[in-house]
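The file run27.txt comes next; it holds compact mmCIF, C-alpha atoms.
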# COMPACT_ATOMS: atom_id res chain seq x y z
CA MET A 22 106.01 113.14 137.84
CA THR A 23 107.09 116.67 136.88
CA LYS A 24 104.72 118.50 134.55
CA THR A 25 106.15 120.45 131.62
CA VAL A 26 104.46 123.69 130.55
CA VAL A 27 105.39 125.60 127.41
CA VAL A 28 105.11 129.36 127.95
CA ILE A 29 104.47 131.57 124.90
CA PRO A 30 104.35 135.28 125.85
CA GLY A 31 103.70 136.38 122.26
CA ASP A 32 103.24 140.07 121.46
CA GLY A 33 102.00 143.29 123.05
CA ILE A 34 100.76 142.97 126.60
CA GLY A 35 101.29 139.23 126.42
CA ARG A 36 104.93 140.00 127.16
CA GLU A 37 103.86 141.94 130.27
CA VAL A 38 101.16 139.75 131.80
CA ILE A 39 102.58 136.29 131.15
CA PRO A 40 105.79 136.91 133.15
CA VAL A 41 103.58 137.90 136.09
CA ALA A 42 101.54 134.70 135.72
CA VAL A 43 104.79 132.72 135.55
CA LYS A 44 105.91 134.19 138.89
CA VAL A 45 102.62 133.07 140.41
CA LEU A 46 103.03 129.58 138.92
CA LYS A 47 106.54 129.28 140.33
CA ALA A 48 105.30 130.33 143.76
CA VAL A 49 102.35 127.94 143.96
CA ALA A 50 103.69 124.99 141.92
CA PRO A 51 107.51 125.12 142.03
CA ASN A 52 107.90 121.61 140.62
CA ILE A 53 106.43 122.50 137.23
CA GLU A 54 109.05 122.75 134.49
CA LEU A 55 108.53 125.90 132.43
CA VAL A 56 109.89 126.09 128.87
CA GLU A 57 109.61 129.39 127.01
CA ALA A 58 108.90 129.41 123.28
CA GLU A 59 108.14 132.07 120.67
CA ALA A 60 105.28 132.90 118.33
CA GLY A 61 103.55 135.95 116.91
CA LEU A 62 104.25 139.11 114.97
CA GLU A 63 107.75 139.78 116.28
CA THR A 64 108.70 136.17 115.58
CA TRP A 65 107.35 136.51 112.04
CA LYS A 66 109.39 139.67 111.47
CA ARG A 67 112.53 137.86 112.52
CA THR A 68 111.97 134.38 111.07
CA GLY A 69 109.18 134.65 108.50
CA GLU A 70 107.01 132.30 110.62
CA THR A 71 104.31 133.17 113.14
CA LEU A 72 104.56 129.73 114.71
CA PRO A 73 107.97 128.09 114.24
CA GLU A 74 108.03 124.31 113.94
CA GLU A 75 110.25 124.16 117.02
CA THR A 76 107.52 125.87 119.07
CA LEU A 77 104.84 123.58 117.66
CA GLU A 78 106.89 120.49 118.51
CA LEU A 79 107.48 121.71 122.07
CA CYS A 80 103.72 122.22 122.44
CA ARG A 81 103.00 118.70 121.17
CA GLU A 82 105.34 117.22 123.77
CA ALA A 83 104.29 119.39 126.73
CA ASP A 84 101.69 118.62 129.38
CA ALA A 85 100.10 122.07 128.88
CA ILE A 86 100.65 125.46 127.25
CA LEU A 87 100.34 128.94 128.77
CA PHE A 88 99.79 131.37 125.91
CA GLY A 89 99.87 135.17 126.13
CA ALA A 90 98.60 137.01 123.07
CA CYS A 91 99.78 137.28 119.49
CA THR A 92 99.30 139.90 116.82
CA THR A 93 98.76 138.30 113.41
CA PRO A 94 100.64 140.09 110.58
CA GLU A 95 98.52 141.82 107.94
CA ASP A 96 100.28 139.77 105.27
CA PRO A 97 97.58 137.35 103.98
CA SER A 98 100.11 134.53 103.90
CA ALA A 99 100.72 134.81 107.65
CA GLU A 100 98.60 132.46 109.77
CA SER A 101 97.31 133.19 113.27
CA PRO A 102 99.45 131.19 115.73
CA ILE A 103 96.54 130.46 118.06
CA ILE A 104 94.31 129.22 115.23
CA ARG A 105 97.06 126.94 113.99
CA LEU A 106 97.70 125.60 117.48
CA ARG A 107 94.00 124.87 117.95
CA ARG A 108 93.97 122.95 114.67
CA GLU A 109 97.30 121.12 115.03
CA LEU A 110 96.62 120.05 118.62
CA ASP A 111 92.90 119.42 118.02
CA LEU A 112 91.82 121.78 120.80
CA TYR A 113 88.15 121.39 120.03
CA ALA A 114 86.62 122.92 123.17
CA ASN A 115 87.03 126.52 124.29
CA VAL A 116 86.17 126.96 127.97
CA ARG A 117 85.52 130.46 129.32
CA PRO A 118 84.38 130.86 132.93
CA ALA A 119 82.59 134.02 134.07
CA ARG A 120 81.88 135.04 137.66
CA SER A 121 81.16 138.15 139.67
CA TRP A 122 84.14 139.78 141.39
CA PRO A 123 84.22 142.36 144.21
CA ILE A 124 85.33 145.25 141.99
CA PRO A 125 84.38 148.85 142.84
CA ARG A 126 82.31 149.51 139.72
CA ARG A 127 80.43 146.27 139.13
CA PRO A 128 78.36 146.43 135.93
CA ILE A 129 75.66 144.30 137.54
CA GLU A 130 74.83 143.74 141.20
CA GLU A 131 73.62 140.17 140.86
CA ASP A 132 76.13 137.44 141.70
CA PHE A 133 76.80 134.90 138.97
CA ASP A 134 79.12 132.01 138.23
CA PHE A 135 78.82 130.23 134.90
CA VAL A 136 81.00 128.80 132.18
CA ILE A 137 80.67 128.98 128.40
CA VAL A 138 81.82 125.92 126.47
CA ARG A 139 82.32 126.85 122.84
CA GLU A 140 83.02 124.50 119.96
CA ASN A 141 86.45 125.59 118.78
CA THR A 142 87.18 124.15 115.32
CA GLU A 143 84.07 124.49 113.14
CA ASP A 144 81.26 126.95 112.32
CA LEU A 145 81.91 130.03 110.16
CA TYR A 146 85.44 130.20 111.53
CA ILE A 147 86.72 127.51 109.18
CA GLY A 148 87.49 130.46 106.87
CA CYS A 149 85.78 129.14 103.74
CA GLU A 150 84.62 132.29 101.93
CA SER A 151 84.22 133.18 98.29
CA GLU A 152 82.80 135.77 95.92
CA VAL A 153 80.05 134.06 93.94
CA HIS A 154 79.12 137.14 91.88
CA PRO A 155 80.58 140.64 91.70
CA GLY A 156 79.59 142.28 94.96
CA VAL A 157 78.17 139.05 96.43
CA THR A 158 80.19 137.01 98.94
CA VAL A 159 79.32 133.85 100.83
CA ALA A 160 80.78 131.94 103.78
CA MET A 161 80.44 128.23 104.51
CA ARG A 162 79.30 127.13 107.95
CA LYS A 163 80.41 123.71 109.13
CA ILE A 164 78.59 121.94 111.96
CA SER A 165 79.26 118.22 112.25
CA GLU A 166 77.73 115.56 114.46
CA GLU A 167 81.15 114.44 115.70
CA GLY A 168 82.33 117.99 116.39
CA THR A 169 79.16 118.70 118.35
CA ARG A 170 79.22 115.41 120.22
CA ARG A 171 82.71 115.77 121.59
CA VAL A 172 82.28 119.37 122.77
CA ALA A 173 78.94 118.43 124.35
CA GLU A 174 80.76 115.74 126.35
CA VAL A 175 83.13 118.43 127.69
CA ALA A 176 80.15 120.56 128.72
CA CYS A 177 78.60 117.58 130.52
CA ASP A 178 81.89 116.82 132.29
CA LEU A 179 82.02 120.40 133.54
CA ALA A 180 78.40 120.33 134.68
CA GLU A 181 79.09 117.21 136.73
CA GLU A 182 82.26 118.73 138.21
CA ARG A 183 80.31 121.84 139.19
CA GLY A 184 77.50 119.80 140.74
CA SER A 185 75.01 121.00 138.15
CA ASP A 186 72.24 118.94 136.57
CA ARG A 187 71.68 121.20 133.55
CA VAL A 188 73.39 122.32 130.36
CA THR A 189 71.99 125.26 128.38
CA VAL A 190 72.45 124.87 124.62
CA VAL A 191 72.52 128.16 122.68
CA HIS A 192 71.55 128.00 119.01
CA LYS A 193 69.42 129.59 116.29
CA ALA A 194 67.74 126.49 114.91
CA ASN A 195 64.55 128.39 114.13
CA VAL A 196 66.46 130.11 111.29
CA MET A 197 69.47 127.89 110.54
CA LYS A 198 67.47 124.70 110.65
CA LEU A 199 70.11 122.38 109.24
CA THR A 200 73.34 123.59 110.89
CA CYS A 201 71.98 124.79 114.23
CA GLY A 202 69.43 122.01 114.03
CA THR A 203 72.26 119.48 113.97
CA PHE A 204 74.00 121.18 116.88
CA LYS A 205 70.82 121.22 118.97
CA ARG A 206 69.85 117.62 118.15
CA VAL A 207 73.24 116.07 118.86
CA ALA A 208 73.80 118.18 121.99
CA ARG A 209 70.42 117.05 123.34
CA GLU A 210 71.30 113.41 122.67
CA VAL A 211 74.59 113.69 124.57
CA ILE A 212 73.19 115.71 127.49
CA GLU A 213 70.21 113.43 128.04
CA SER A 214 72.39 110.31 127.69
CA ARG A 215 74.49 111.65 130.56
CA GLY A 216 71.40 111.99 132.77
CA LEU A 217 71.46 115.79 132.69
CA GLU A 218 68.71 118.26 131.90
CA PHE A 219 68.71 119.74 128.39
CA ASP A 220 67.95 123.47 128.44
CA GLU A 221 67.94 125.57 125.26
CA CYS A 222 67.97 129.24 124.32
CA TYR A 223 68.10 131.15 121.03
CA VAL A 224 71.33 133.15 120.83
CA ASP A 225 69.60 136.55 120.77
CA ALA A 226 67.51 135.62 123.80
CA ALA A 227 70.65 134.27 125.51
CA ALA A 228 72.42 137.60 125.01
CA TYR A 229 69.48 139.42 126.59
CA ARG A 230 69.12 136.95 129.44
CA MET A 231 72.85 137.11 130.17
CA VAL A 232 72.52 140.83 130.89
CA ILE A 233 69.31 140.80 132.93
CA ASP A 234 69.67 137.45 134.71
CA PRO A 235 73.22 136.03 134.46
CA GLY A 236 72.68 133.95 137.58
CA SER A 237 70.25 131.77 135.64
CA PHE A 238 73.14 130.24 133.67
CA ASP A 239 75.48 127.49 134.83
CA VAL A 240 77.04 125.59 131.90
CA VAL A 241 76.38 127.09 128.46
CA LEU A 242 77.17 125.11 125.30
CA THR A 243 77.45 126.97 121.99
CA PRO A 244 78.73 126.72 118.42
CA ASN A 245 81.96 128.57 117.72
CA MET A 246 80.85 132.05 116.70
CA PHE A 247 77.98 132.41 119.19
CA GLY A 248 80.31 131.43 122.02
CA ASP A 249 82.96 133.89 120.88
CA ILE A 250 80.47 136.76 121.09
CA LEU A 251 78.67 135.71 124.27
CA SER A 252 81.92 135.11 126.18
CA ASP A 253 83.03 138.69 125.54
CA GLU A 254 79.63 139.85 126.75
CA ALA A 255 80.24 137.79 129.88
CA ALA A 256 83.61 139.53 130.31
CA GLY A 257 81.75 142.83 130.24
CA LEU A 258 79.52 141.59 133.05
CA MET A 259 82.64 140.81 135.07
CA GLY A 260 83.91 144.34 134.51
CA SER A 261 86.80 143.87 132.09
CA LEU A 262 88.44 141.53 129.61
CA GLY A 263 91.33 141.77 132.05
CA LEU A 264 89.47 139.32 134.29
CA ALA A 265 88.60 136.82 131.54
CA PRO A 266 90.65 133.60 131.37
CA SER A 267 90.12 130.76 128.93
CA GLY A 268 91.16 127.23 128.10
CA ASN A 269 91.45 125.50 124.74
CA VAL A 270 91.30 121.77 125.41
CA GLY A 271 91.20 118.51 123.51
CA ASP A 272 91.70 114.87 124.30
CA ASP A 273 95.48 115.13 124.65
CA HIS A 274 96.42 118.81 124.95
CA GLY A 275 95.41 121.95 126.83
CA LEU A 276 96.29 125.56 126.02
CA PHE A 277 95.32 128.35 128.40
CA GLU A 278 95.25 132.04 127.56
CA PRO A 279 93.78 135.37 128.65
CA VAL A 280 90.96 136.48 126.38
CA HIS A 281 92.09 140.10 125.99
CA GLY A 282 94.50 139.79 123.05
CA SER A 283 97.73 141.70 122.49
CA ALA A 284 96.19 145.18 123.09
CA PRO A 285 98.89 147.18 121.27
CA ASP A 286 97.26 150.46 122.35
CA ILE A 287 98.34 149.94 125.97
CA ALA A 288 101.42 147.76 125.45
CA GLY A 289 104.51 149.07 127.20
CA LYS A 290 102.58 151.37 129.56
CA GLY A 291 102.68 149.01 132.53
CA ILE A 292 98.92 149.17 133.06
CA ALA A 293 97.79 145.86 131.53
CA ASN A 294 95.70 143.76 133.90
CA PRO A 295 97.58 140.49 134.62
CA MET A 296 94.63 138.83 136.37
CA ALA A 297 93.25 137.12 133.25
CA ALA A 298 96.68 135.59 132.63
CA ILE A 299 96.98 134.54 136.29
CA LEU A 300 93.49 133.03 136.24
CA SER A 301 94.32 131.23 132.98
CA ALA A 302 97.31 129.74 134.79
CA ALA A 303 94.92 128.65 137.56
CA MET A 304 92.68 126.96 134.98
CA MET A 305 95.76 125.20 133.65
CA LEU A 306 96.70 123.97 137.12
CA GLU A 307 93.24 122.51 137.60
CA TRP A 308 93.40 120.81 134.20
CA LEU A 309 96.75 119.31 135.24
CA GLY A 310 95.08 117.84 138.33
CA MET A 311 96.41 120.46 140.76
CA ARG A 312 93.05 121.70 142.05
CA GLU A 313 94.29 122.83 145.46
CA GLU A 314 96.94 125.05 143.88
CA ALA A 315 94.40 126.42 141.40
CA GLU A 316 92.03 127.37 144.21
CA LYS A 317 94.84 129.14 146.08
CA VAL A 318 95.57 131.28 143.02
CA GLU A 319 91.93 132.23 142.49
CA GLU A 320 91.54 133.11 146.16
CA ALA A 321 94.68 135.27 146.00
CA VAL A 322 93.24 137.15 143.00
CA GLU A 323 89.95 137.74 144.83
CA ARG A 324 91.70 139.02 147.95
CA THR A 325 93.86 141.31 145.81
CA ILE A 326 90.71 142.81 144.28
CA GLU A 327 89.13 143.18 147.73
CA ASP A 328 92.21 145.16 148.83
CA GLY A 329 91.68 147.53 145.90
CA VAL A 330 94.98 146.71 144.17
CA ILE A 331 93.63 146.83 140.63
CA THR A 332 94.62 148.22 137.25
CA PRO A 333 92.87 151.15 135.49
CA ASP A 334 90.50 148.91 133.51
CA LEU A 335 88.85 148.00 136.82
CA GLY A 336 88.87 151.56 138.17
CA GLY A 337 92.17 151.41 140.04
CA ASN A 338 95.62 152.88 139.55
CA ALA A 339 97.93 149.92 140.22
CA SER A 340 100.50 148.82 137.67
CA THR A 341 100.81 145.36 136.17
CA GLU A 342 103.73 144.57 138.44
CA GLU A 343 102.02 145.93 141.56
CA VAL A 344 99.02 143.68 140.99
CA GLY A 345 101.31 140.70 140.50
CA GLU A 346 103.24 141.45 143.69
CA LYS A 347 100.01 141.73 145.67
CA VAL A 348 98.76 138.38 144.33
CA LEU A 349 102.08 136.80 145.32
CA GLU A 350 101.74 138.35 148.78
CA LYS A 351 98.25 136.89 149.17
CA LEU A 352 99.58 133.45 148.25
CA GLU A 353 101.85 133.45 151.29
CA PRO A 354 100.58 131.48 154.33

Structure re-expressed in structure tokens:
Amino acid sequence: MTKTVVVIPGDGIGREVIPVAVKVLKAVAPNIELVEAEAGLETWKRTGETLPEETLELCREADAILFGACTTPEDPSAESPIIRLRRELDLYANVRPARSWPIPRRPIEEDFDFVIVRENTEDLYIGCESEVHPGVTVAMRKISEEGTRRVAEVACDLAEERGSDRVTVVHKANVMKLTCGTFKRVAREVIESRGLEFDECYVDAAAYRMVIDPGSFDVVLTPNMFGDILSDEAAGLMGSLGLAPSGNVGDDHGLFEPVHGSAPDIAGKGIANPMAAILSAAMMLEWLGMREEAEKVEEAVERTIEDGVITPDLGGNASTEEVGEKVLEKLEP
């Protein structure tokens, strides 16, 4: 059966890197049906909506979504397209792999290969803030048993797929005893019920350990905000956000996007690194059950890096298009 993928380039460098990823998808999986849709700042300027209903409906009906990057308008009434998609499609798990690559200026010599699984719909990111007194503001943090349980199941699934027997739960239950305490307790219940080892680490200690001993991690499970911060730290270990792919997954839908955002400061210069978008497409292929094709794409990216065809963020001088062409070349038999 043909798989349908909605492609949303978005804004900024999303419009530069996603077309490159699409070329790679067409080369490695020509039977996938690609449907382009719009969202983001430029869409809002033209239509008054950051995420048109037509786009949302296409995403609901598709087998997967490849998302570039969107700039959210400063207008307080304008909603972030990616946040709305996560909510509407119930994409409750954010999956961000991190591994060492053969780049010329590696930030750390040690080899590593781990994945951060971040709860994607709760925590401080629910946006419930208020001013309780003049000059005093508060934010509500939501951690639920059900929200924790389902993302913990995703972490366990990944551990089993990777051949690991351990999941590291990052929290701060020594301070936030109720919210982080709930996350820790429920995560432990799920992990141990799956026959896996429960490992735990305070978030500050995890940040330190990730720098000095990243190879000690395999599958890392975190609440929303901690995972957001630690996954960008992991991108720094890899050498650039331009190498950082991600997946937003739920029970019925999967959306895959590079972590780097719209990067308006370099948009239009032809120097944006397309590898995160290409690797996000590879994650999408694996999620769609096309593991062999996904592995081919990741191998082509690695061989491209080994040949030194890399963009300035990794210490090279290749353009976005040149990197894409080299990846396509490496895909050939």

In the coordinates of the file, take the point (106.0, 141.4, 115.2) and a cut-off of 10 Å; then, counting only C-alpha atoms, name each qualifying protein, DNA or RNA residue as a PDB file with C-alpha atoms, keeping the file's coordinate frame.
ATOM      1  CA  GLY A  31     103.700 136.380 122.260  1.00  0.00           C
ATOM      2  CA  ASP A  32     103.240 140.070 121.460  1.00  0.00           C
ATOM      3  CA  GLY A  33     102.000 143.290 123.050  1.00  0.00           C
ATOM      4  CA  ALA A  60     105.280 132.900 118.330  1.00  0.00           C
ATOM      5  CA  GLY A  61     103.550 135.950 116.910  1.00  0.00           C
ATOM      6  CA  LEU A  62     104.250 139.110 114.970  1.00  0.00           C
ATOM      7  CA  GLU A  63     107.750 139.780 116.280  1.00  0.00           C
ATOM      8  CA  THR A  64     108.700 136.170 115.580  1.00  0.00           C
ATOM      9  CA  TRP A  65     107.350 136.510 112.040  1.00  0.00           C
ATOM     10  CA  LYS A  66     109.390 139.670 111.470  1.00  0.00           C
ATOM     11  CA  ARG A  67     112.530 137.860 112.520  1.00  0.00           C
ATOM     12  CA  THR A  71     104.310 133.170 113.140  1.00  0.00           C
ATOM     13  CA  CYS A  91      99.780 137.280 119.490  1.00  0.00           C
ATOM     14  CA  THR A  92      99.300 139.900 116.820  1.00  0.00           C
ATOM     15  CA  THR A  93      98.760 138.300 113.410  1.00  0.00           C
ATOM     16  CA  PRO A  94     100.640 140.090 110.580  1.00  0.00           C
TER      17      PRO A  94
END

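The residue set within 6 Å of Gly89 of chain A, counting all atoms listed in the file and dropping same-chain residues fewer than 5 places from it, reads Ile29, Pro30, Gly31, Gly35, Ile39 and Glu278 of chain A.
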
Any chance you can output those residues with C-alpha atoms as a compact mmCIF listing (two decimals), in the coordinates of the input?
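Final output, saved to result-v3.txt:
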# COMPACT_ATOMS: atom_id res chain seq x y z
CA ILE A 29 104.47 131.57 124.90
CA PRO A 30 104.35 135.28 125.85
CA GLY A 31 103.70 136.38 122.26
CA GLY A 35 101.29 139.23 126.42
CA ILE A 39 102.58 136.29 131.15
CA GLU A 278 95.25 132.04 127.56

* Asked: Which residue, A:Val207, A:Asn195, A:Val224, A:Arg120, has the smallest gap to Met246 of chain A when you use all atoms listed in the file?
  -> A:Val224

* Asked: If I put a ball of radius 8 Å at (92.5, 147.4, 129.7) in the file's coordinates, which residues poke into it when counting only C-alpha atoms, written as a VMD selection string?
  -> chain A and resid 261 to 263 284 287 292 to 294 332 to 334

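Residue nearest Ala42 of chain A, chosen from A:Pro128, A:His274, A:Ala297, A:Ala176 and counting only C-alpha atoms: A:Ala297.
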
* Out of A:Glu313, A:Leu72, A:Glu342, A:Arg171, which residue has the shortest atom-to-atom distance to Arg105 of chain A when counting all atoms listed in the file? -> A:Leu72

Spatial neighbours of Arg209 of chain A, max dist 9 Å, all atoms listed in the file, sep filter under 6 positions, as a PDB file with C-alpha atoms, in the frame of the given file:
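Everything below was put into out.pdb:
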ATOM      1  CA  ALA A 173      78.940 118.430 124.350  1.00  0.00           C
ATOM      2  CA  VAL A 190      72.450 124.870 124.620  1.00  0.00           C
ATOM      3  CA  GLU A 218      68.710 118.260 131.900  1.00  0.00           C
ATOM      4  CA  PHE A 219      68.710 119.740 128.390  1.00  0.00           C
ATOM      5  CA  ASP A 220      67.950 123.470 128.440  1.00  0.00           C
TER       6      ASP A 220
END

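The interatomic distance for the pair atom CA of Val26 of chain A and atom CA of Asp84 of chain A works out to 5.9 Å.
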
* What does the distance between atom CA of Ala288 of chain A and atom CA of Ile34 of chain A come to in Å, to one decimal place? -> 5.0 Å

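Closest to Met197 of chain A among A:Lys163, A:Arg312, A:Arg127, A:Lys290 is A:Lys163, based on all atoms listed in the file.
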
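Distances from A:Gly310, A:Pro155, A:Asn269, A:Thr76 to Ile104 of chain A were compared using only C-alpha atoms, and the smallest one belongs to A:Asn269.
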
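Going from atom CA of Val348 of chain A to atom CA of Thr325 of chain A covers 5.9 Å.
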
Quick one: everything within 12 Å of Met22 of chain A, counting all atoms listed in the file, minus sequence neighbours fewer than 2 positions away in the same chain. Send it as a PDB file with C-alpha atoms, in the coordinates of the input.
ATOM      1  CA  LYS A  24     104.720 118.500 134.550  1.00  0.00           C
ATOM      2  CA  THR A  25     106.150 120.450 131.620  1.00  0.00           C
ATOM      3  CA  ASN A  52     107.900 121.610 140.620  1.00  0.00           C
ATOM      4  CA  ILE A  53     106.430 122.500 137.230  1.00  0.00           C
ATOM      5  CA  GLU A  54     109.050 122.750 134.490  1.00  0.00           C
ATOM      6  CA  ASP A  84     101.690 118.620 129.380  1.00  0.00           C
ATOM      7  CA  LEU A 309      96.750 119.310 135.240  1.00  0.00           C
ATOM      8  CA  GLY A 310      95.080 117.840 138.330  1.00  0.00           C
TER       9      GLY A 310
END

* **Which residue of A:Ala83, A:Val43, A:Val116, A:Met231 approaches Met304 of chain A most closely, using only C-alpha atoms** => A:Val116

* To do: Please provide the set of residues having any atom within 9 Å of Ile326 of chain A, restricted to all atoms listed in the file, with same-chain residues fewer than 4 positions apart removed, written as number ranges by chain.
  => A: 122-125, 321-322, 330-331, 344

* Give me the residues within 9 Å of Leu46 of chain A as a PyMOL selection string, counting all atoms listed in the file and dropping any in the same chain fewer than 2 places off. => chain A and resi 41-44+48-51+53+299+302-303+306+318
